[in-house]
Structure formats: structure tokens, C-alpha cells
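Below: target_35.csv (CSV, C-alpha atoms)
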chain,number,residue,atom,x,y,z
A,13,MET,CA,76.7,85.0,77.2
A,14,GLU,CA,79.5,83.0,78.7
A,15,LEU,CA,82.9,84.5,79.3
A,16,HIS,CA,84.6,82.5,76.6
A,17,ASP,CA,82.0,83.9,74.1
A,18,VAL,CA,82.8,87.4,75.3
A,19,TRP,CA,86.5,86.8,74.8
A,20,PHE,CA,85.9,85.5,71.3
A,21,VAL,CA,84.1,88.8,70.5
A,22,LEU,CA,86.9,90.8,72.2
A,23,ILE,CA,89.6,89.0,70.2
A,24,ALA,CA,87.6,89.7,67.0
A,25,VAL,CA,87.5,93.4,68.0
A,26,LEU,CA,91.3,93.4,68.5
A,27,TRP,CA,92.0,91.8,65.1
A,28,THR,CA,89.5,94.3,63.5
A,29,GLY,CA,91.3,97.2,65.2
A,30,TYR,CA,94.7,95.9,64.0
A,31,PHE,CA,93.6,95.4,60.4
A,32,PHE,CA,91.9,98.8,60.3
A,33,LEU,CA,95.0,100.6,61.7
A,34,GLU,CA,97.9,98.5,60.4
A,35,GLY,CA,96.0,98.1,57.1
A,36,PHE,CA,96.5,101.7,56.0
A,37,ASP,CA,100.2,101.8,57.1
A,38,PHE,CA,100.8,98.5,55.2
A,39,GLY,CA,99.1,100.2,52.3
A,40,VAL,CA,101.3,103.3,52.6
A,41,GLY,CA,104.4,101.1,52.7
A,42,VAL,CA,103.3,99.5,49.4
A,43,LEU,CA,102.7,103.0,47.9
A,44,THR,CA,106.4,103.9,48.4
A,45,LYS,CA,106.9,102.0,45.1
A,46,LEU,CA,103.6,102.5,43.4
A,47,LEU,CA,102.9,106.2,44.0
A,48,ALA,CA,106.1,108.0,45.0
A,49,ARG,CA,108.1,109.3,42.1
A,50,ASN,CA,111.2,110.7,44.0
A,51,ARG,CA,112.9,110.6,47.3
A,52,ALA,CA,110.9,113.6,48.7
A,53,GLU,CA,107.6,111.9,47.9
A,54,LYS,CA,108.7,108.7,49.6
A,55,ARG,CA,109.6,110.7,52.6
A,56,VAL,CA,106.2,112.3,52.6
A,57,LEU,CA,104.5,108.9,52.5
A,58,ILE,CA,106.6,107.5,55.3
A,59,ASN,CA,106.1,110.6,57.4
A,60,THR,CA,102.3,110.2,57.2
A,61,ILE,CA,102.6,107.0,59.2
A,62,GLY,CA,105.8,107.8,61.1
A,63,PRO,CA,104.1,108.9,64.3
A,64,VAL,CA,101.6,106.0,64.4
A,65,TRP,CA,102.9,102.8,62.8
A,66,ASP,CA,104.4,101.4,66.0
A,67,GLY,CA,101.3,102.2,68.0
A,68,ASN,CA,99.2,100.3,65.4
A,69,GLU,CA,101.2,97.2,66.0
A,70,VAL,CA,100.2,97.2,69.7
A,71,TRP,CA,96.9,95.8,68.5
A,72,LEU,CA,98.6,92.8,67.1
A,73,LEU,CA,100.5,92.2,70.3
A,74,THR,CA,97.3,92.5,72.3
A,75,ALA,CA,95.4,90.2,70.0
A,76,GLY,CA,98.1,87.6,70.2
A,77,GLY,CA,98.4,87.9,74.0
A,78,ALA,CA,94.6,87.7,74.5
A,79,THR,CA,94.4,84.6,72.3
A,80,PHE,CA,97.2,83.0,74.3
A,81,ALA,CA,95.5,83.8,77.6
A,82,ALA,CA,91.9,83.2,76.7
A,83,PHE,CA,92.2,80.3,74.3
A,84,PRO,CA,95.6,78.5,74.8
A,85,GLU,CA,94.6,75.5,72.7
A,86,TRP,CA,93.8,77.8,69.8
A,87,TYR,CA,97.0,79.7,70.2
A,88,ALA,CA,99.1,76.5,70.4
A,89,THR,CA,97.5,74.9,67.3
A,90,LEU,CA,97.5,78.1,65.3
A,91,PHE,CA,101.1,79.1,66.0
A,92,SER,CA,102.5,75.6,65.5
A,93,GLY,CA,100.5,74.8,62.4
A,94,PHE,CA,101.0,78.2,60.8
A,95,TYR,CA,104.6,78.5,62.0
A,96,LEU,CA,106.3,79.4,58.7
A,97,PRO,CA,103.9,82.1,57.5
A,98,LEU,CA,103.6,83.6,60.9
A,99,LEU,CA,107.4,83.6,61.3
A,100,ALA,CA,107.7,85.3,57.9
A,101,ILE,CA,105.2,88.0,59.1
A,102,LEU,CA,107.2,88.4,62.3
A,103,VAL,CA,110.5,88.8,60.5
A,104,CYS,CA,108.9,91.3,58.1
A,105,LEU,CA,107.6,93.4,61.0
A,106,ILE,CA,111.0,93.4,62.7
A,107,ILE,CA,112.8,94.4,59.5
A,108,ARG,CA,110.1,97.0,58.8
A,109,GLY,CA,110.6,98.6,62.2
A,110,VAL,CA,114.3,98.7,61.7
A,111,ALA,CA,113.9,100.2,58.3
A,112,PHE,CA,111.8,103.1,59.5
A,113,GLU,CA,114.4,104.0,62.2
A,114,TYR,CA,117.6,103.4,60.2
A,115,ARG,CA,116.6,104.8,56.8
A,116,VAL,CA,117.9,108.3,57.6
A,117,LYS,CA,120.8,107.3,59.8
A,118,ARG,CA,123.2,107.8,56.9
A,119,PRO,CA,123.0,110.2,53.9
A,120,GLU,CA,124.1,107.8,51.1
A,121,GLU,CA,121.6,107.3,48.3
A,122,ARG,CA,122.1,103.6,48.2
A,123,TRP,CA,121.6,103.2,52.0
A,124,GLN,CA,118.3,105.0,52.0
A,125,ARG,CA,117.1,103.3,48.8
A,126,ASN,CA,117.7,99.9,50.3
A,127,TRP,CA,115.8,100.6,53.4
A,128,GLU,CA,112.9,102.0,51.4
A,129,THR,CA,112.8,98.9,49.4
A,130,ALA,CA,112.7,96.9,52.6
A,131,ILE,CA,109.7,99.0,53.8
A,132,PHE,CA,107.9,98.1,50.5
A,133,TRP,CA,108.4,94.4,50.7
A,134,THR,CA,107.9,94.1,54.5
A,135,SER,CA,104.6,95.9,54.0
A,136,LEU,CA,103.4,93.9,51.0
A,137,ILE,CA,104.3,90.4,52.3
A,138,PRO,CA,102.4,90.6,55.7
A,139,ALA,CA,99.5,92.3,54.0
A,140,PHE,CA,99.2,89.2,51.8
A,141,LEU,CA,100.0,86.6,54.4
A,142,TRP,CA,97.5,87.8,56.9
A,143,GLY,CA,94.7,87.1,54.4
A,144,VAL,CA,96.1,83.6,53.7
A,145,ALA,CA,96.2,82.9,57.4
A,146,PHE,CA,92.7,84.0,58.1
A,147,GLY,CA,91.4,82.3,55.0
A,148,ASN,CA,92.7,79.0,56.3
A,149,ILE,CA,91.3,79.7,59.8
A,150,VAL,CA,87.8,80.2,58.4
A,151,ARG,CA,88.1,77.4,55.8
A,152,GLY,CA,89.4,74.9,58.3
A,153,VAL,CA,92.7,72.9,58.4
A,154,LYS,CA,93.8,69.4,59.2
A,155,ILE,CA,93.5,69.1,63.0
A,156,ASP,CA,93.5,65.6,64.6
A,157,ARG,CA,91.8,64.4,67.7
A,158,ASP,CA,94.7,65.7,69.9
A,159,MET,CA,94.0,69.3,68.7
A,160,GLU,CA,97.3,69.3,66.7
A,161,TYR,CA,97.7,70.5,63.1
A,162,VAL,CA,98.8,67.6,60.9
A,163,GLY,CA,98.9,69.2,57.5
A,164,SER,CA,101.9,70.8,55.7
A,165,VAL,CA,102.6,74.4,54.7
A,166,TRP,CA,101.5,73.5,51.2
A,167,ASP,CA,98.0,72.7,52.5
A,168,LEU,CA,97.8,76.4,53.5
A,169,LEU,CA,98.3,77.5,49.9
A,170,ASN,CA,94.8,76.6,48.7
A,171,PRO,CA,92.8,78.7,46.3
A,172,TYR,CA,90.4,80.1,48.9
A,173,ALA,CA,93.3,81.2,51.2
A,174,LEU,CA,95.3,82.7,48.3
A,175,LEU,CA,92.3,84.7,47.2
A,176,GLY,CA,92.0,85.9,50.8
A,177,GLY,CA,95.6,87.0,50.7
A,178,LEU,CA,95.0,89.0,47.5
A,179,VAL,CA,91.9,90.6,49.1
A,180,THR,CA,93.8,91.8,52.2
A,181,LEU,CA,96.7,93.0,50.0
A,182,THR,CA,94.5,95.1,47.7
A,183,LEU,CA,92.1,96.2,50.4
A,184,PHE,CA,95.0,97.4,52.6
A,185,THR,CA,96.6,99.1,49.6
A,186,PHE,CA,93.3,100.9,48.8
A,187,HIS,CA,92.9,101.8,52.5
A,188,GLY,CA,96.5,103.2,52.5
A,189,THR,CA,95.8,105.1,49.2
A,190,VAL,CA,92.8,107.0,50.5
A,191,PHE,CA,94.7,107.6,53.8
A,192,THR,CA,97.5,109.2,51.7
A,193,ALA,CA,95.0,111.4,49.9
A,194,LEU,CA,93.6,112.4,53.3
A,195,LYS,CA,97.0,113.2,54.8
A,196,THR,CA,98.8,115.0,51.9
A,197,VAL,CA,98.6,118.1,49.8
A,198,GLY,CA,99.5,119.0,46.2
A,199,GLU,CA,100.3,116.6,43.3
A,200,ILE,CA,100.8,113.5,45.5
A,201,ARG,CA,97.3,113.9,46.9
A,202,GLU,CA,95.8,114.1,43.4
A,203,ARG,CA,97.7,111.1,42.2
A,204,ALA,CA,96.7,109.2,45.3
A,205,ARG,CA,93.0,109.8,44.5
A,206,THR,CA,93.6,108.6,40.9
A,207,LEU,CA,95.4,105.4,42.1
A,208,ALA,CA,92.7,104.8,44.7
A,209,LEU,CA,90.1,104.4,42.0
A,210,ARG,CA,92.2,101.8,40.1
A,211,VAL,CA,93.1,99.9,43.2
A,212,GLY,CA,89.6,100.1,44.5
A,213,LEU,CA,88.1,98.6,41.4
A,214,ILE,CA,90.4,95.6,41.6
A,215,THR,CA,89.7,95.3,45.3
A,216,THR,CA,85.9,95.3,44.7
A,217,VAL,CA,86.1,92.4,42.3
A,218,LEU,CA,88.4,90.3,44.5
A,219,ALA,CA,86.6,91.1,47.7
A,220,LEU,CA,83.1,90.3,46.3
A,221,ALA,CA,84.4,87.0,45.0
A,222,PHE,CA,86.0,86.1,48.4
A,223,LEU,CA,83.1,87.2,50.5
A,224,VAL,CA,80.5,85.4,48.3
A,225,TRP,CA,82.6,82.3,48.4
A,226,THR,CA,82.7,82.6,52.2
A,227,GLN,CA,79.0,83.1,52.5
A,228,VAL,CA,78.1,80.2,50.3
A,229,ALA,CA,80.5,77.9,52.2
A,230,ASN,CA,79.8,78.8,55.8
A,231,GLY,CA,77.5,81.8,56.0
A,232,ASP,CA,74.1,82.6,57.6
A,233,GLY,CA,71.9,85.6,57.9
A,234,LYS,CA,74.3,87.6,60.1
A,235,SER,CA,77.3,87.0,57.9
A,236,LEU,CA,75.2,88.0,54.8
A,237,ALA,CA,74.4,91.3,56.5
A,238,ALA,CA,78.1,91.9,57.1
A,239,LEU,CA,78.8,91.0,53.4
A,240,VAL,CA,76.3,93.6,52.3
A,241,VAL,CA,77.7,96.3,54.6
A,242,ALA,CA,81.3,95.6,53.3
A,243,ALA,CA,80.2,95.7,49.7
A,244,VAL,CA,78.2,98.9,50.0
A,245,ALA,CA,80.9,100.6,52.0
A,246,LEU,CA,83.5,99.8,49.5
A,247,VAL,CA,81.5,101.1,46.6
A,248,VAL,CA,80.5,104.3,48.4
A,249,ALA,CA,84.2,104.8,49.4
A,250,LEU,CA,85.1,104.8,45.7
A,251,MET,CA,82.4,107.3,45.0
A,252,ALA,CA,83.5,109.5,47.9
A,253,ASN,CA,87.1,109.3,46.6
A,254,GLN,CA,86.0,110.5,43.2
A,255,ALA,CA,84.1,113.4,44.8
A,256,GLY,CA,87.2,114.5,46.6
A,257,ARG,CA,85.8,113.6,50.1
A,258,GLU,CA,88.9,111.9,51.4
A,259,GLY,CA,87.7,111.7,55.0
A,260,TRP,CA,84.5,109.9,54.0
A,261,SER,CA,86.4,107.6,51.7
A,262,PHE,CA,88.9,106.7,54.4
A,263,ALA,CA,86.2,106.1,56.9
A,264,LEU,CA,84.2,103.9,54.5
A,265,SER,CA,87.2,101.9,53.5
A,266,GLY,CA,87.7,101.3,57.2
A,267,VAL,CA,84.1,100.2,57.5
A,268,THR,CA,84.8,97.7,54.7
A,269,ILE,CA,87.6,96.2,56.7
A,270,VAL,CA,85.5,96.1,59.8
A,271,ALA,CA,82.6,94.4,58.1
A,272,THR,CA,84.9,91.9,56.3
A,273,VAL,CA,86.6,90.8,59.5
A,274,ALA,CA,83.2,90.7,61.3
A,275,MET,CA,81.9,88.4,58.6
A,276,LEU,CA,84.9,86.1,58.9
A,277,PHE,CA,84.4,85.7,62.7
A,278,LEU,CA,80.7,85.4,62.3
A,279,THR,CA,81.1,82.4,59.9
A,280,LEU,CA,83.8,81.0,62.3
A,281,PHE,CA,81.8,81.0,65.6
A,282,PRO,CA,81.5,78.9,67.7
A,283,ASN,CA,84.6,77.3,66.2
A,284,VAL,CA,88.0,79.0,66.5
A,285,MET,CA,89.7,76.6,64.1
A,286,PRO,CA,87.6,74.1,62.3
A,287,SER,CA,89.0,70.6,61.4
A,288,THR,CA,88.7,69.4,57.9
A,289,LEU,CA,89.4,65.8,59.0
A,290,ASP,CA,86.4,65.5,61.4
A,291,ALA,CA,84.1,68.2,62.6
A,292,ASP,CA,84.2,66.8,66.1
A,293,TRP,CA,87.9,67.5,66.3
A,294,SER,CA,87.4,71.2,65.6
A,295,LEU,CA,88.6,73.7,68.2
A,296,THR,CA,85.7,75.7,69.6
A,297,VAL,CA,85.3,78.5,72.1
A,298,THR,CA,84.4,75.8,74.7
A,299,ASN,CA,87.2,73.2,74.3
A,300,ALA,CA,90.0,75.7,73.5
A,301,SER,CA,89.3,78.2,76.3
A,302,SER,CA,91.1,78.9,79.6
A,303,SER,CA,89.3,78.3,82.9
A,304,ALA,CA,86.5,80.6,84.0
A,305,TYR,CA,88.6,82.1,86.7
A,306,THR,CA,91.3,83.1,84.2
A,307,LEU,CA,88.8,84.7,81.9
A,308,LYS,CA,87.3,86.6,84.8
A,309,ILE,CA,90.6,88.1,85.8
A,310,MET,CA,91.4,89.0,82.2
A,311,THR,CA,88.0,90.7,81.8
A,312,TRP,CA,88.7,93.0,84.8
A,313,LEU,CA,92.1,93.9,83.5
A,314,ALA,CA,90.8,94.6,80.0
A,315,ALA,CA,88.0,96.8,81.4
A,316,VAL,CA,90.7,99.0,83.1
A,317,ALA,CA,93.4,99.0,80.5
A,318,THR,CA,91.5,99.2,77.2
A,319,PRO,CA,90.0,102.7,77.7
A,320,LEU,CA,93.5,104.1,78.6
A,321,VAL,CA,95.0,102.6,75.4
A,322,LEU,CA,92.2,104.0,73.2
A,323,LEU,CA,92.5,107.5,74.8
A,324,TYR,CA,96.3,107.6,74.3
A,325,GLN,CA,96.2,106.3,70.7
A,326,GLY,CA,93.3,108.7,69.8
A,327,TRP,CA,95.3,111.6,71.3
A,328,THR,CA,98.3,110.6,69.1
A,329,TYR,CA,96.2,110.7,65.9
A,330,TRP,CA,94.8,114.1,67.0
A,331,VAL,CA,98.3,115.6,67.5
A,332,PHE,CA,99.5,114.4,64.1
A,333,ARG,CA,96.3,115.2,62.2
A,334,LYS,CA,97.7,117.9,59.8
A,335,ARG,CA,98.3,117.3,56.1
A,336,ILE,CA,101.9,117.3,54.8
A,337,GLY,CA,103.5,117.7,51.4
A,338,THR,CA,106.9,117.9,49.8
A,339,GLN,CA,107.2,121.5,50.9
A,340,HIS,CA,107.4,120.3,54.5
A,341,ILE,CA,110.4,118.0,53.8
A,342,ALA,CA,113.8,119.3,54.6
A,343,GLU,CA,116.3,119.2,51.7
A,344,THR,CA,118.7,116.9,53.7
A,345,ALA,CA,117.5,113.6,55.1
A,346,HIS,CA,120.4,113.0,57.4
How does the structure come out when it is put into C-alpha cells?
Amino acid sequence: MELHDVWFVLIAVLWTGYFFLEGFDFGVGVLTKLLARNRAEKRVLINTIGPVWDGNEVWLLTAGGATFAAFPEWYATLFSGFYLPLLAILVCLIIRGVAFEYRVKRPEERWQRNWETAIFWTSLIPAFLWGVAFGNIVRGVKIDRDMEYVGSVWDLLNPYALLGGLVTLTLFTFHGTVFTALKTVGEIRERARTLALRVGLITTVLALAFLVWTQVANGDGKSLAALVVAAVALVVALMANQAGREGWSFALSGVTIVATVAMLFLTLFPNVMPSTLDADWSLTVTNASSSAYTLKIMTWLAAVATPLVLLYQGWTYWVFRKRIGTQHIAETAH
């Protein structure tokens, strides 16, 4: 296996880790409107992800940086062609981070309510737009012979990509709902399990439609195996949720995300951005990659740094592993 193939796999792993981790905290952000009934319950939800949300975003920075270094042509075409949706995601992530930190800086009801509304929308919008972006990457976009995107933003809003956006939005919300059930106690835990069933059923329908569409359009035997794993894991996650096995439900919803992202990258390879104008103009792991020397240096750095990051993040989750409820929330938020 060539180094550019290795880095394609590593970038796929980074995006998988990002969607697994950021997926549930996007979902929890959406739940601040769908599940929480009062200020205390909103604070419970936010506190479940409070120690980890910023660490989860490290995976996005690493995935973007790795793409820039390993596949500069892919990075350039992707970020220029998808400029507006990616800018919207970036703005949402900035506002979301500010909202988490500033929400309790003042005691006024209106102040806190506005920041909580910001958390909801800046969780929902990126959860949808990431699906739209990856749907277009897999489907292919208008790339000319100079490796430049020549379409418009409206070309990105096609039925396949929009369905992908709905899938990531509902799947992340389901993932966040079972995470909430895993991390909370009392009434909010029970309502999270009930909501997880409803969201999970919608997710199942949308995800199956999207994955089957992907398989028919670009799939092979490997992607079919990933599709089966994703579908089975999602169904069993619903069953585990109904049985009150929140840990298994969360793990299996995570498997669904992993298998879904794996299927997308399997159908993409060896392309990194297919061209709908001419297949010969597609960006591939070969024509979009950096030099062999650059990839070699990156591989050594990744071999040293990655285990340290994983150990530190794993330790963070272990420290903040306890369940919380409204009884753990102080009466004053300021």
C-alpha cells in the first residue's frame, strides 16, 4: 500500500472519530430544545458535554490539517468549491463555543435563554451541513481539467446531498439522545429513552434510503458489507435502548456512524473528489497528494502524536464518566 493510500485511510479515520464524538454533542445541543423542559434540565444536558465538546472538535482540526498536508489539491478544491457551507459551519462552531462559555456569565433570564438558543441552532446547522458536504463529495461535483470547482452553491443542494444532510442530522440527534440517557438520571433519562425510539425510527428510514442509494450508485462488495453493519447496528441500538441498556445503545449508535462513514469512503476510493463533468478530471489519491517525502514525515509525526492524543482524551472521558441529574445543578447559574 502506497503512502497516499495510507493517508486516505487515516483521514477517513479522523473524520470517523470526529463524527462519532462531535455527533453526540451536536445531538445534545439539539436536545436543549427537543428534550429539556426547564432551565435546570438544559443545564444538565449542557453539563453532560461541557468537559468534552472542545476536545471533540480537535478531531476536525486534525482532519482538516491532515487533508491540507497530505492532499493539498483536494483541500484547495474542497474549501474553495464548498466555501459557503464550510464557512457557515465555521461560524456556527465559533458561536457555539462562545455560547458554552458565555451562557452563565450573567444571571439574566434573557441572556441565558439567547445563548441556549444559539447552542441549539449552532448544533443543528453543522449537523445538517456536514451531511450535505459529504453527500456531494461522494456523489461528485463539477470539477474542470484544472482541478477547480466550476459549479455554484445551488449545485450542492441536490436531492442526494440534502438526504445526506437529513441523515447526519437525525443520526447525530439519535446518538446524542442515547448519550443523554447514558449520562443522566431521573425523569430526563426516561424521556431521553422515549425520544430516542422516535428519533431512531426516523433515522432508520432516512439512513436506509441514503445508504441504499449510495450502494446502487457507487457501491461494491466492501461498501455493501459496511451498509449491512450500519443497518444492523442501528436496529440493535434501538432494541438496546428499549431494554434500558444505554451503554450498548450508545456503542451501537456509534458503530452505525463508523460504518456509515466507512461506506462513504469505500465508495469514494480511489477518488477523493469525483468530477461529474469528466471522470478523467476527478481528484484521486494519486493526483491530489503531496510528495512521498512529505507523506513520510507526516507518517512519523502521526505515529508519535496520535497515541498521546487518544490517551489524553480517553482519560478525560474516564474522569467525567459519572451520571448527572437536576439534583446536581446549583440553584444559581451565575
For this session: Between CA of Gly67 in chain A and CA of Ala24 in chain A, measure the distance and give it in Å to one decimal.
Result: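 Rounded to one decimal, the two atoms are 18.6 Å apart.
When all atoms listed in the file are used to compute distances to Leu175 in chain A, the closest of the residues A:Val190, A:Val217, A:Leu98, A:Leu207 turns out to be A:Val217.
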Exercise. Nearest to Lys54 in chain A among A:Gly231, A:Gly41, A:Pro286, A:Gly198, with distances taken over only C-alpha atoms: which residue is it?
Worked result: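 Counting only C-alpha atoms, the residue closest to Lys54 in chain A is A:Gly41.
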Problem set entry | Selected residue, from A:Phe191, A:Thr272, A:Met285, A:Arg55, that lies nearest to Tyr87 in chain A when counting all atoms listed in the file |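 Closest to Tyr87 in chain A of all the choices is A:Met285.
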Problem set entry | CA of Gly76 in chain A to CA of Asp17 in chain A, distance in Å rounded to a single decimal |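 The value is 17.0 Å.
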For this session: Tell me, as a VMD selection string, which residues lie within 6 Å of Ala249 in chain A, counting only C-alpha atoms; anything in the same chain fewer than 4 positions away does not count.
Result: chain A and resid 245 261 264 to 265
For this session: Identify which of the residues A:Phe94, A:Ala88, A:Ala81, A:Thr189 lies closest to Ala48 in chain A, counting all atoms listed in the file when measuring atom-to-atom distances.
Result: A:Thr189
Exercise. Between A:Val228, A:Ile336, A:Met275, A:Ala255, which has the minimum distance to Ala243 in chain A (counting all atoms listed in the file)?
Worked result: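 Ranked by minimum distance to Ala243 in chain A, first place goes to A:Met275.
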Exercise. Skipping near chain neighbours, those fewer than 3 positions away, what residues fall within 7 Å of Asp37 in chain A using all atoms listed in the file, listed as a PyMOL selection string?
Worked result: chain A and resi 34+40-41+61+65+188
